[in-house]
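Peer 1: Contents of structure22.txt (compact mmCIF, C-alpha atoms and all ligand atoms) are given next:
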```
# COMPACT_ATOMS: atom_id res chain seq x y z
CA MET A 1 -5.16 -5.78 -5.58
CA SER A 2 -5.30 -6.13 -1.78
CA ASP A 3 -3.76 -9.18 -0.11
CA LEU A 4 -5.00 -8.09 3.29
CA HIS A 5 -6.44 -11.00 5.29
CA VAL A 6 -8.50 -9.79 8.25
CA VAL A 7 -9.12 -12.14 11.18
CA LEU A 8 -12.09 -11.28 13.39
CA GLY A 9 -11.73 -12.85 16.83
CA ALA A 10 -7.97 -12.97 16.39
CA THR A 11 -7.21 -13.44 20.09
CA GLY A 12 -9.43 -16.53 20.33
CA ALA A 13 -8.23 -20.10 19.87
CA VAL A 14 -9.27 -20.47 16.22
CA GLY A 15 -8.52 -16.85 15.30
CA SER A 16 -4.98 -16.89 16.68
CA ALA A 17 -4.25 -20.18 14.89
CA VAL A 18 -5.52 -18.59 11.66
CA VAL A 19 -3.26 -15.55 12.21
CA THR A 20 -0.27 -17.88 12.68
CA GLU A 21 -1.14 -19.83 9.52
CA LEU A 22 -1.60 -16.65 7.46
CA HIS A 23 1.81 -15.32 8.56
CA ALA A 24 3.37 -18.69 7.72
CA ARG A 25 1.91 -18.46 4.21
CA GLY A 26 3.25 -14.91 3.77
CA HIS A 27 -0.01 -12.93 3.80
CA GLU A 28 -0.57 -9.45 5.12
CA VAL A 29 -2.71 -9.80 8.27
CA ARG A 30 -4.95 -7.56 10.39
CA ALA A 31 -5.81 -9.20 13.71
CA VAL A 32 -9.05 -7.85 15.18
CA SER A 33 -10.72 -8.20 18.55
CA ARG A 34 -11.83 -5.90 21.36
CA GLY A 35 -8.65 -6.71 23.29
CA ALA A 36 -6.23 -7.09 20.37
CA GLU A 37 -2.79 -5.61 20.82
CA GLY A 38 0.51 -5.59 18.96
CA LEU A 39 1.74 -5.00 15.45
CA GLY A 40 -0.90 -5.59 12.77
CA SER A 41 -3.71 -5.57 15.34
CA LEU A 42 -6.86 -3.50 15.51
CA ARG A 43 -9.12 -3.07 18.52
CA ALA A 44 -12.73 -3.05 17.37
CA ASP A 45 -16.13 -4.20 18.58
CA ILE A 46 -17.60 -5.97 15.57
CA THR A 47 -21.12 -5.93 16.99
CA THR A 48 -21.20 -2.22 16.04
CA ALA A 49 -21.49 -1.11 12.42
CA ASP A 50 -18.54 1.27 12.77
CA GLY A 51 -16.37 -1.31 14.49
CA ALA A 52 -17.09 -3.97 11.89
CA ALA A 53 -16.53 -1.52 9.02
CA ALA A 54 -13.17 -0.41 10.43
CA ALA A 55 -12.20 -4.04 10.93
CA CYS A 56 -13.00 -5.09 7.36
CA GLU A 57 -11.89 -1.97 5.46
CA GLY A 58 -9.49 -2.76 2.62
CA ALA A 59 -9.68 -6.52 3.18
CA ALA A 60 -9.35 -9.12 0.43
CA VAL A 61 -10.54 -11.88 2.77
CA VAL A 62 -12.25 -11.73 6.18
CA TYR A 63 -12.11 -14.76 8.50
CA GLN A 64 -15.04 -14.68 10.94
CA CYS A 65 -13.63 -16.38 14.06
CA ALA A 66 -15.36 -14.19 16.68
CA GLN A 67 -18.23 -15.51 18.74
CA PRO A 68 -20.53 -14.23 21.48
CA PRO A 69 -20.34 -16.01 24.86
CA TYR A 70 -21.69 -19.57 24.52
CA ALA A 71 -24.75 -18.87 26.66
CA GLN A 72 -25.69 -15.97 24.33
CA TRP A 73 -25.45 -17.70 20.96
CA ALA A 74 -29.23 -17.96 20.60
CA THR A 75 -29.74 -14.23 21.18
CA ASP A 76 -26.55 -12.68 19.73
CA PHE A 77 -24.97 -14.77 16.96
CA VAL A 78 -27.43 -13.81 14.22
CA GLY A 79 -27.10 -10.06 14.90
CA LEU A 80 -23.30 -10.31 14.98
CA THR A 81 -23.34 -12.12 11.63
CA ASP A 82 -25.64 -9.54 10.08
CA THR A 83 -23.28 -6.72 11.09
CA VAL A 84 -20.24 -8.61 9.78
CA LEU A 85 -21.95 -9.41 6.46
CA THR A 86 -22.73 -5.72 5.90
CA ALA A 87 -19.11 -4.75 6.62
CA VAL A 88 -17.72 -7.47 4.35
CA GLU A 89 -20.08 -6.38 1.60
CA GLN A 90 -18.98 -2.72 1.96
CA ALA A 91 -15.34 -3.80 1.77
CA GLY A 92 -15.96 -5.98 -1.30
CA ALA A 93 -14.09 -8.77 0.50
CA ARG A 94 -14.56 -12.54 0.59
CA LEU A 95 -15.84 -14.08 3.83
CA VAL A 96 -14.63 -17.31 5.45
CA MET A 97 -16.74 -18.39 8.44
CA ALA A 98 -15.20 -20.57 11.15
CA ASP A 99 -18.19 -22.85 11.67
CA ASN A 100 -19.12 -25.83 13.80
CA LEU A 101 -21.54 -28.76 13.37
CA TYR A 102 -24.44 -27.71 15.58
CA MET A 103 -26.81 -26.96 12.68
CA TYR A 104 -27.14 -30.64 11.75
CA GLY A 105 -28.65 -31.67 15.07
CA PRO A 106 -28.54 -35.40 15.95
CA VAL A 107 -27.21 -37.54 13.09
CA GLU A 108 -26.69 -41.17 12.23
CA GLY A 109 -23.50 -42.13 10.45
CA PRO A 110 -20.64 -39.94 9.24
CA MET A 111 -21.53 -36.29 8.64
CA THR A 112 -21.33 -34.88 5.13
CA GLU A 113 -22.12 -31.35 3.96
CA GLU A 114 -25.33 -32.68 2.35
CA LEU A 115 -27.06 -33.12 5.72
CA PRO A 116 -30.15 -30.99 6.37
CA TYR A 117 -30.04 -28.36 9.12
CA ALA A 118 -32.22 -30.31 11.54
CA ALA A 119 -31.12 -28.87 14.91
CA ALA A 120 -34.15 -28.23 17.11
CA PHE A 121 -32.43 -26.62 20.11
CA PRO A 122 -31.76 -22.86 20.42
CA LYS A 123 -27.99 -22.80 19.85
CA GLY A 124 -28.28 -25.22 16.94
CA ARG A 125 -31.06 -23.19 15.34
CA ALA A 126 -28.96 -20.03 15.73
CA ARG A 127 -25.98 -21.69 14.03
CA ALA A 128 -28.24 -22.93 11.23
CA GLN A 129 -29.57 -19.41 10.75
CA VAL A 130 -26.05 -17.97 10.70
CA ALA A 131 -24.97 -20.46 8.02
CA GLU A 132 -28.11 -19.83 5.94
CA MET A 133 -27.64 -16.04 6.16
CA ILE A 134 -24.08 -16.32 4.89
CA LEU A 135 -24.94 -18.69 2.04
CA SER A 136 -27.94 -16.61 0.98
CA ALA A 137 -25.85 -13.40 1.03
CA HIS A 138 -23.54 -15.25 -1.35
CA ARG A 139 -26.39 -16.40 -3.60
CA GLU A 140 -27.80 -12.86 -3.71
CA GLY A 141 -24.40 -11.58 -4.86
CA ARG A 142 -23.91 -9.38 -1.77
CA VAL A 143 -20.67 -11.12 -0.75
CA ARG A 144 -18.59 -14.07 -1.85
CA ALA A 145 -18.56 -16.40 1.11
CA THR A 146 -17.65 -19.87 2.31
CA LEU A 147 -17.82 -21.77 5.60
CA GLY A 148 -15.32 -24.24 7.10
CA ARG A 149 -16.76 -26.66 9.67
CA ALA A 150 -15.00 -28.57 12.43
CA SER A 151 -15.78 -30.81 15.39
CA ASP A 152 -14.37 -30.25 18.90
CA TYR A 153 -10.91 -28.75 18.62
CA PHE A 154 -7.82 -29.08 20.79
CA GLY A 155 -4.33 -27.65 20.53
CA PRO A 156 -2.06 -24.91 21.83
CA GLY A 157 -4.28 -22.08 23.08
CA GLY A 158 -7.34 -24.33 23.12
CA MET A 159 -8.90 -23.39 26.44
CA ASN A 160 -12.47 -22.62 25.39
CA THR A 161 -13.23 -26.21 24.37
CA ILE A 162 -14.49 -29.38 25.97
CA LEU A 163 -11.08 -31.06 25.51
CA GLY A 164 -8.89 -28.24 26.91
CA PRO A 165 -9.43 -27.82 30.65
CA ASN A 166 -11.03 -31.27 31.23
CA ILE A 167 -8.21 -33.24 29.63
CA PHE A 168 -5.07 -31.29 28.76
CA ALA A 169 -4.94 -28.85 31.67
CA ALA A 170 -5.79 -31.67 34.06
CA ALA A 171 -3.19 -34.13 32.71
CA ALA A 172 -0.51 -31.44 32.54
CA ALA A 173 -1.12 -30.82 36.25
CA GLY A 174 -1.13 -34.55 37.09
CA LYS A 175 -4.86 -34.51 37.88
CA THR A 176 -7.63 -36.79 36.58
CA ALA A 177 -8.30 -36.20 32.88
CA ARG A 178 -11.98 -36.47 32.03
CA TRP A 179 -13.52 -37.34 28.66
CA VAL A 180 -17.00 -35.88 28.42
CA GLY A 181 -19.37 -38.53 27.01
CA GLU A 182 -19.06 -42.23 26.17
CA ARG A 183 -15.41 -43.23 26.10
CA ASP A 184 -15.76 -46.09 23.62
CA GLU A 185 -17.52 -44.28 20.76
CA PRO A 186 -15.57 -42.94 17.77
CA HIS A 187 -15.36 -39.15 17.82
CA THR A 188 -13.76 -36.75 15.37
CA VAL A 189 -11.48 -34.19 16.97
CA ALA A 190 -9.77 -31.28 15.18
CA TYR A 191 -6.23 -30.05 15.84
CA LEU A 192 -6.23 -26.24 15.88
CA PRO A 193 -3.32 -25.72 13.44
CA ASP A 194 -4.98 -28.15 10.95
CA LEU A 195 -8.36 -26.43 11.40
CA ALA A 196 -6.69 -23.06 10.74
CA ALA A 197 -4.84 -24.40 7.69
CA GLY A 198 -8.16 -25.59 6.27
CA LEU A 199 -9.76 -22.17 6.79
CA VAL A 200 -6.82 -20.40 5.11
CA THR A 201 -6.99 -22.80 2.17
CA LEU A 202 -10.65 -21.75 1.78
CA GLY A 203 -9.54 -18.11 2.06
CA GLU A 204 -6.97 -18.55 -0.70
CA ASP A 205 -9.18 -20.34 -3.20
CA PRO A 206 -12.33 -18.68 -4.59
CA LYS A 207 -13.67 -22.02 -5.77
CA ALA A 208 -14.64 -22.55 -2.13
CA ASP A 209 -17.24 -19.79 -2.41
CA GLY A 210 -20.93 -20.54 -2.07
CA TYR A 211 -20.45 -23.77 -0.08
CA ALA A 212 -19.86 -25.06 3.43
CA TRP A 213 -16.92 -27.48 3.75
CA HIS A 214 -15.90 -29.99 6.38
CA LEU A 215 -12.29 -29.10 7.15
CA PRO A 216 -9.65 -31.82 6.83
CA VAL A 217 -9.27 -34.07 9.87
CA GLY A 218 -7.67 -37.35 10.84
CA PRO A 219 -9.61 -40.56 11.58
CA PRO A 220 -11.97 -40.53 14.57
CA VAL A 221 -10.68 -41.69 17.93
CA THR A 222 -12.38 -43.07 21.02
CA GLY A 223 -12.18 -41.25 24.34
CA ASP A 224 -10.09 -44.07 25.81
CA GLU A 225 -7.62 -43.94 22.91
CA PHE A 226 -7.39 -40.15 23.18
CA LEU A 227 -6.80 -40.25 26.95
CA ALA A 228 -4.11 -42.94 26.56
CA LEU A 229 -2.23 -40.76 24.06
CA VAL A 230 -2.53 -37.74 26.36
CA TRP A 231 -1.01 -39.67 29.27
CA GLY A 232 1.67 -41.09 26.97
CA ALA A 233 2.72 -37.50 26.26
CA ALA A 234 2.14 -36.11 29.76
CA GLY A 235 3.99 -38.88 31.63
CA GLY A 236 3.28 -39.65 35.26
CA ARG A 237 0.61 -41.99 36.57
CA PRO A 238 -2.35 -42.04 34.18
CA ARG A 239 -5.59 -40.99 35.83
CA SER A 240 -8.57 -40.97 33.50
CA ALA A 241 -12.30 -40.87 33.94
CA GLY A 242 -15.41 -40.14 31.97
CA ILE A 243 -18.26 -37.73 32.57
CA GLY A 244 -21.41 -39.64 31.62
CA ARG A 245 -24.93 -38.29 31.24
CA ALA A 246 -25.85 -38.87 34.90
CA ALA A 247 -22.74 -37.00 36.11
CA GLN A 248 -23.39 -34.20 33.60
CA ARG A 249 -26.94 -33.81 34.91
CA PHE A 250 -25.76 -33.81 38.52
CA ILE A 251 -22.84 -31.36 38.05
CA GLY A 252 -25.07 -29.26 35.80
CA MET A 253 -27.42 -28.62 38.71
CA PHE A 254 -24.91 -26.12 40.13
CA ASN A 255 -22.50 -25.55 37.19
CA PRO A 256 -24.14 -23.64 34.28
CA VAL A 257 -21.36 -24.48 31.77
CA VAL A 258 -21.84 -28.22 32.37
CA ARG A 259 -25.63 -27.78 32.33
CA GLU A 260 -25.37 -26.29 28.81
CA LEU A 261 -23.85 -29.56 27.56
CA GLY A 262 -27.17 -31.34 28.02
CA GLU A 263 -28.74 -30.04 24.83
CA THR A 264 -25.85 -31.32 22.68
CA TRP A 265 -25.38 -34.63 24.51
CA TYR A 266 -26.21 -36.47 21.25
CA GLN A 267 -22.69 -35.40 20.16
CA ARG A 268 -21.23 -37.35 23.08
CA ASP A 269 -23.21 -40.57 23.54
CA ARG A 270 -22.81 -42.07 20.04
CA ALA A 271 -20.44 -42.04 17.11
CA TRP A 272 -19.70 -38.43 16.03
CA VAL A 273 -17.72 -38.63 12.84
CA VAL A 274 -16.90 -35.98 10.25
CA ASP A 275 -16.50 -36.88 6.57
CA ASP A 276 -13.99 -34.52 4.89
CA THR A 277 -14.04 -36.22 1.48
CA ALA A 278 -15.48 -33.20 -0.36
CA PHE A 279 -12.72 -30.86 0.85
CA ARG A 280 -9.97 -33.28 -0.15
CA ALA A 281 -11.55 -33.85 -3.56
CA ALA A 282 -11.80 -30.10 -4.23
CA PHE A 283 -8.53 -28.82 -2.78
CA GLY A 284 -6.19 -31.82 -3.05
CA ASP A 285 -4.73 -34.00 -0.35
CA GLN A 286 -4.29 -32.11 2.90
CA ARG A 287 -1.64 -32.15 5.59
CA VAL A 288 -3.19 -33.39 8.83
CA THR A 289 -0.96 -33.64 11.88
CA PRO A 290 -0.67 -37.22 13.22
CA LEU A 291 -2.78 -37.47 16.39
CA GLU A 292 0.14 -38.54 18.60
CA GLN A 293 2.18 -35.51 17.50
CA ALA A 294 -0.79 -33.14 17.85
CA ILE A 295 -1.46 -34.37 21.39
CA ALA A 296 2.23 -34.14 22.35
CA GLU A 297 2.39 -30.52 21.10
CA THR A 298 -0.76 -29.68 23.04
CA VAL A 299 0.44 -31.28 26.27
CA ALA A 300 3.74 -29.38 25.93
CA TRP A 301 1.81 -26.10 25.53
CA PHE A 302 -0.36 -26.76 28.59
CA LYS A 303 2.71 -27.71 30.65
CA ARG A 304 4.53 -24.52 29.61
CA LYS A 305 1.47 -22.51 30.47
CA GLY A 306 1.27 -24.12 33.90
N1 LIG B 1 -14.99 -25.03 20.58
C1 LIG B 1 -14.84 -25.86 19.57
O1 LIG B 1 -14.43 -27.03 19.76
C2 LIG B 1 -15.15 -25.41 18.15
C3 LIG B 1 -15.08 -26.34 17.13
C4 LIG B 1 -15.37 -25.91 15.82
C5 LIG B 1 -15.71 -24.60 15.56
N2 LIG B 1 -15.78 -23.73 16.58
C6 LIG B 1 -16.19 -22.34 16.25
O2 LIG B 1 -15.04 -21.52 15.97
C7 LIG B 1 -15.40 -20.15 16.21
C8 LIG B 1 -14.31 -19.52 17.09
O3 LIG B 1 -14.30 -20.18 18.34
P1 LIG B 1 -13.13 -19.96 19.42
O4 LIG B 1 -13.30 -21.07 20.41
O5 LIG B 1 -11.83 -19.75 18.73
O6 LIG B 1 -13.61 -18.60 20.08
P2 LIG B 1 -12.98 -17.89 21.37
O7 LIG B 1 -11.72 -18.55 21.79
O8 LIG B 1 -14.10 -17.72 22.35
O9 LIG B 1 -12.60 -16.44 20.80
C9 LIG B 1 -13.58 -15.52 20.45
C10 LIG B 1 -12.89 -14.32 19.86
O10 LIG B 1 -13.88 -13.37 19.46
C11 LIG B 1 -13.51 -12.09 19.94
N3 LIG B 1 -14.74 -11.33 20.11
C12 LIG B 1 -15.84 -11.67 20.82
N4 LIG B 1 -16.76 -10.69 20.75
C13 LIG B 1 -16.22 -9.71 19.96
C14 LIG B 1 -16.67 -8.45 19.53
N5 LIG B 1 -17.88 -7.99 19.90
N6 LIG B 1 -15.87 -7.71 18.75
C15 LIG B 1 -14.64 -8.17 18.38
N7 LIG B 1 -14.17 -9.36 18.75
C16 LIG B 1 -14.94 -10.12 19.55
C17 LIG B 1 -12.76 -12.37 21.25
O11 LIG B 1 -11.86 -11.35 21.63
P3 LIG B 1 -12.26 -10.12 22.59
O12 LIG B 1 -13.05 -10.69 23.73
O13 LIG B 1 -10.93 -9.53 22.95
O14 LIG B 1 -13.07 -9.19 21.74
C18 LIG B 1 -11.95 -13.59 20.81
O15 LIG B 1 -10.80 -13.15 20.09
C19 LIG B 1 -16.78 -20.17 16.88
O16 LIG B 1 -17.79 -19.90 15.95
C20 LIG B 1 -16.90 -21.61 17.36
O17 LIG B 1 -18.21 -22.06 17.50
C21 LIG B 1 -15.48 -24.08 17.87
```
Starting from the file, lay out its structure as structure tokens.
Peer 2:
Amino acid sequence: MSDLHVVLGATGAVGSAVVTELHARGHEVRAVSRGAEGLGSLRADITTADGAAAACEGAAVVYQCAQPPYAQWATDFVGLTDTVLTAVEQAGARLVMADNLYMYGPVEGPMTEELPYAAAFPKGRARAQVAEMILSAHREGRVRATLGRASDYFGPGGMNTILGPNIFAAAAAGKTARWVGERDEPHTVAYLPDLAAGLVTLGEDPKADGYAWHLPVGPPVTGDEFLALVWGAAGGRPRSAGIGRAAQRFIGMFNPVVRELGETWYQRDRAWVVDDTAFRAAFGDQRVTPLEQAIAETVAWFKRKG
């Protein structure tokens, strides 16, 4: 039987952390993206049927860590998922989707997997549709599939995230580190190696199939606490600030990336807390890197990178 674990989007932040975790656990790995290079890599465009089929051929497990550009989620994520589902079905593989929390929309209290998909904005509706497609393909017996969900990530390689350039790159360069949103609200953050370990645990255990899981995380942290730990690791004179709603609106007038944050501001102006109880109950107690260590490793990576 195949032990080939295929990672789609293997050059991205989540995908490359999954590749590292799979190697550490001794699996055979195929790392796929359009720009992939090196041993065990395959260049393929998974938006095409042929590219997705070549990527998934012979796989035991496929980790879906690829994504369209953020501004194109509403138009492109569903089609990408459809193509990947067909390829996974043809390969007879299991599917593990690297998922986020957008489908829930605004929430009150800690998030569990029981929440309805109540997002009413385009990107949230697209992510809800993607999750529903995957779970219904599982129910219909087309594929065996599971989803692992995480909040904002940070870590080595974590550039394409709200915490990367605004906080880690800035602090590593001695510039002002900016927390986006209210700095005194509890917020769950995910360390990339822990997020990847959770996804690989789902990939190794078929009892995950048919469900979405909140991946294991540490306790939530406030923006001020997070920034203090970053400066503790970065050294130098701490310079921290927040980007509140008014600043987001103003900067968003001429910066499209910042403008996009408006529709998910509910994730930033109140408590945003992930409950991972179900995962721990199903798969046993999980290793989660202490926040101070995770931040120190991330600062070191950003400093090395310059
Ligand atoms: N940002 C967060 O804080 C966060 C938190 C939780 C979950 N997530 C989710 O985790 C998933 C992965 O996110 P990420 O930030 O790791 O993504 P990322 O860094 O943007 O990487 C995307 C990857 O997909 C590949 N890709 C894109 N289009 C492709 C195509 N047509 N064919 C083949 N490969 C393609 C890219 O490589 P090439 O360009 O070389 O093809 C790259 O390897 C997303 O669904 C995201 O929403 C993100």
Peer 1: Counting only C-alpha atoms and all ligand atoms, which residues in chain A sit no more than 6 Å from ligand LIG 1 (chain B)? For each one, give the nearest pair of atoms and the distance in Å, sorted by chain then residue number, as a tab-separated table.
Peer 2:
```
residue	atom	partner	partner_atom	distance
A:Gly9	CA	B:LIG1	O15	3.4
A:Ala10	CA	B:LIG1	O15	4.7
A:Thr11	CA	B:LIG1	O15	3.6
A:Gly12	CA	B:LIG1	O9	3.2
A:Ala13	CA	B:LIG1	O5	3.8
A:Val14	CA	B:LIG1	O5	3.7
A:Gly15	CA	B:LIG1	O5	5.6
A:Ser33	CA	B:LIG1	N7	3.6
A:Arg34	CA	B:LIG1	O14	3.5
A:Gly35	CA	B:LIG1	O13	3.6
A:Ala36	CA	B:LIG1	O13	5.9
A:Ala44	CA	B:LIG1	C15	5.6
A:Asp45	CA	B:LIG1	N6	3.5
A:Ile46	CA	B:LIG1	N6	4.0
A:Thr47	CA	B:LIG1	N5	4.8
A:Cys65	CA	B:LIG1	C8	4.4
A:Ala66	CA	B:LIG1	O10	3.3
A:Gln67	CA	B:LIG1	O10	4.9
A:Pro68	CA	B:LIG1	N4	5.2
A:Ala98	CA	B:LIG1	O2	4.9
A:Asp99	CA	B:LIG1	C5	4.9
A:Asn100	CA	B:LIG1	C5	4.0
A:Ala150	CA	B:LIG1	C4	4.3
A:Ser151	CA	B:LIG1	C3	4.8
A:Asp152	CA	B:LIG1	O1	3.3
A:Tyr153	CA	B:LIG1	O1	4.1
A:Asn160	CA	B:LIG1	O4	5.3
A:Thr161	CA	B:LIG1	N1	4.3
```
Peer 1: Could you give me, as CSV, a per-residue list for stretch 144-174 of chain A showing, wherever an atom lies at most 9 Å from an atom of stretch 200-222 of chain A, the closest pair of atoms and their distance in Å to one decimal, using only C-alpha atoms and sorting by chain then residue number from low to high?
Peer 2:
```
residue,atom,partner,partner_atom,distance
A:Arg144,CA,A:Asp209,CA,5.9
A:Ala145,CA,A:Asp209,CA,5.1
A:Thr146,CA,A:Asp209,CA,4.7
A:Leu147,CA,A:Ala212,CA,4.4
A:Gly148,CA,A:Trp213,CA,4.9
A:Arg149,CA,A:His214,CA,4.8
A:Ala150,CA,A:Leu215,CA,6.0
```
Peer 1: So that I can check the surroundings of A:Asp82, please list as JSON, numbers by chain every protein, DNA and RNA residue that reaches within 12 Å of it, counting all atoms listed in the file and ignoring chain neighbours fewer than 2 positions away.
Peer 2: {"A": [46, 47, 48, 49, 52, 64, 76, 77, 78, 79, 80, 84, 85, 86, 87, 88, 89, 129, 130, 131, 132, 133, 134, 136, 137, 142]}
Peer 1: Write to file, as a short mmCIF file (atom, residue, chain, number, x, y, z; two decimals), in the frame of the given file, the residues of the selection just made, with C-alpha atoms.
Peer 2:
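Generated file (part17.cif):
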```cif
data_model
loop_
_atom_site.label_atom_id
_atom_site.label_comp_id
_atom_site.auth_asym_id
_atom_site.auth_seq_id
_atom_site.Cartn_x
_atom_site.Cartn_y
_atom_site.Cartn_z
CA ILE A 46 -17.60 -5.97 15.57
CA THR A 47 -21.12 -5.93 16.99
CA THR A 48 -21.20 -2.22 16.04
CA ALA A 49 -21.49 -1.11 12.42
CA ALA A 52 -17.09 -3.97 11.89
CA GLN A 64 -15.04 -14.68 10.94
CA ASP A 76 -26.55 -12.68 19.73
CA PHE A 77 -24.97 -14.77 16.96
CA VAL A 78 -27.43 -13.81 14.22
CA GLY A 79 -27.10 -10.06 14.90
CA LEU A 80 -23.30 -10.31 14.98
CA VAL A 84 -20.24 -8.61 9.78
CA LEU A 85 -21.95 -9.41 6.46
CA THR A 86 -22.73 -5.72 5.90
CA ALA A 87 -19.11 -4.75 6.62
CA VAL A 88 -17.72 -7.47 4.35
CA GLU A 89 -20.08 -6.38 1.60
CA GLN A 129 -29.57 -19.41 10.75
CA VAL A 130 -26.05 -17.97 10.70
CA ALA A 131 -24.97 -20.46 8.02
CA GLU A 132 -28.11 -19.83 5.94
CA MET A 133 -27.64 -16.04 6.16
CA ILE A 134 -24.08 -16.32 4.89
CA SER A 136 -27.94 -16.61 0.98
CA ALA A 137 -25.85 -13.40 1.03
CA ARG A 142 -23.91 -9.38 -1.77
#
```
Peer 1: Could you give me, as a Markdown table, every stretch 109-167 of chain A residue with an atom at most 12 Å from stretch 252-262 of chain A, plus its closest atom pair and distance in Å to one decimal, counting all atoms listed in the file, rows ordered by chain then number?
Peer 2:
```
| residue | atom | partner | partner_atom | distance |
| --- | --- | --- | --- | --- |
| A:Phe121 | CA | A:Gly262 | CA | 10.6 |
| A:Pro122 | CA | A:Glu260 | CA | 11.1 |
| A:Lys123 | CA | A:Glu260 | CA | 10.0 |
| A:Asn160 | CA | A:Val257 | CA | 11.1 |
| A:Thr161 | CA | A:Val257 | CA | 11.1 |
| A:Ile162 | CA | A:Leu261 | CA | 9.5 |
| A:Asn166 | CA | A:Val258 | CA | 11.3 |
```
Peer 1: Can you list, as a ChimeraX atom specification, every protein, DNA or RNA residue that comes within 6 Å of stretch 167-184 of chain A when you count all atoms listed in the file, leaving out same-chain residues fewer than 5 positions away?
Peer 2: /A:222-224,239-244,268-269,302-303
Peer 1: Those residues with C-alpha atoms, as a compact mmCIF listing (two decimals), in the frame of the given file please?
Peer 2:
```txt
# COMPACT_ATOMS: atom_id res chain seq x y z
CA THR A 222 -12.38 -43.07 21.02
CA GLY A 223 -12.18 -41.25 24.34
CA ASP A 224 -10.09 -44.07 25.81
CA ARG A 239 -5.59 -40.99 35.83
CA SER A 240 -8.57 -40.97 33.50
CA ALA A 241 -12.30 -40.87 33.94
CA GLY A 242 -15.41 -40.14 31.97
CA ILE A 243 -18.26 -37.73 32.57
CA GLY A 244 -21.41 -39.64 31.62
CA ARG A 268 -21.23 -37.35 23.08
CA ASP A 269 -23.21 -40.57 23.54
CA PHE A 302 -0.36 -26.76 28.59
CA LYS A 303 2.71 -27.71 30.65
```
Peer 1: Select, from A:Pro193, A:Gln90, A:Arg287, A:Arg25, the residue with the minimum atom-to-atom distance to A:Asp50, counting all atoms listed in the file.
Peer 2: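 Answer, going by the shortest atom-to-atom distance: A:Gln90.
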Peer 1: I'd like to know which of A:Trp231, A:Phe279, A:Tyr63, A:Tyr266 is closest to A:Thr112, using only C-alpha atoms.
Peer 2: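 When distances to A:Thr112 are compared using only C-alpha atoms, the smallest one comes from A:Phe279.
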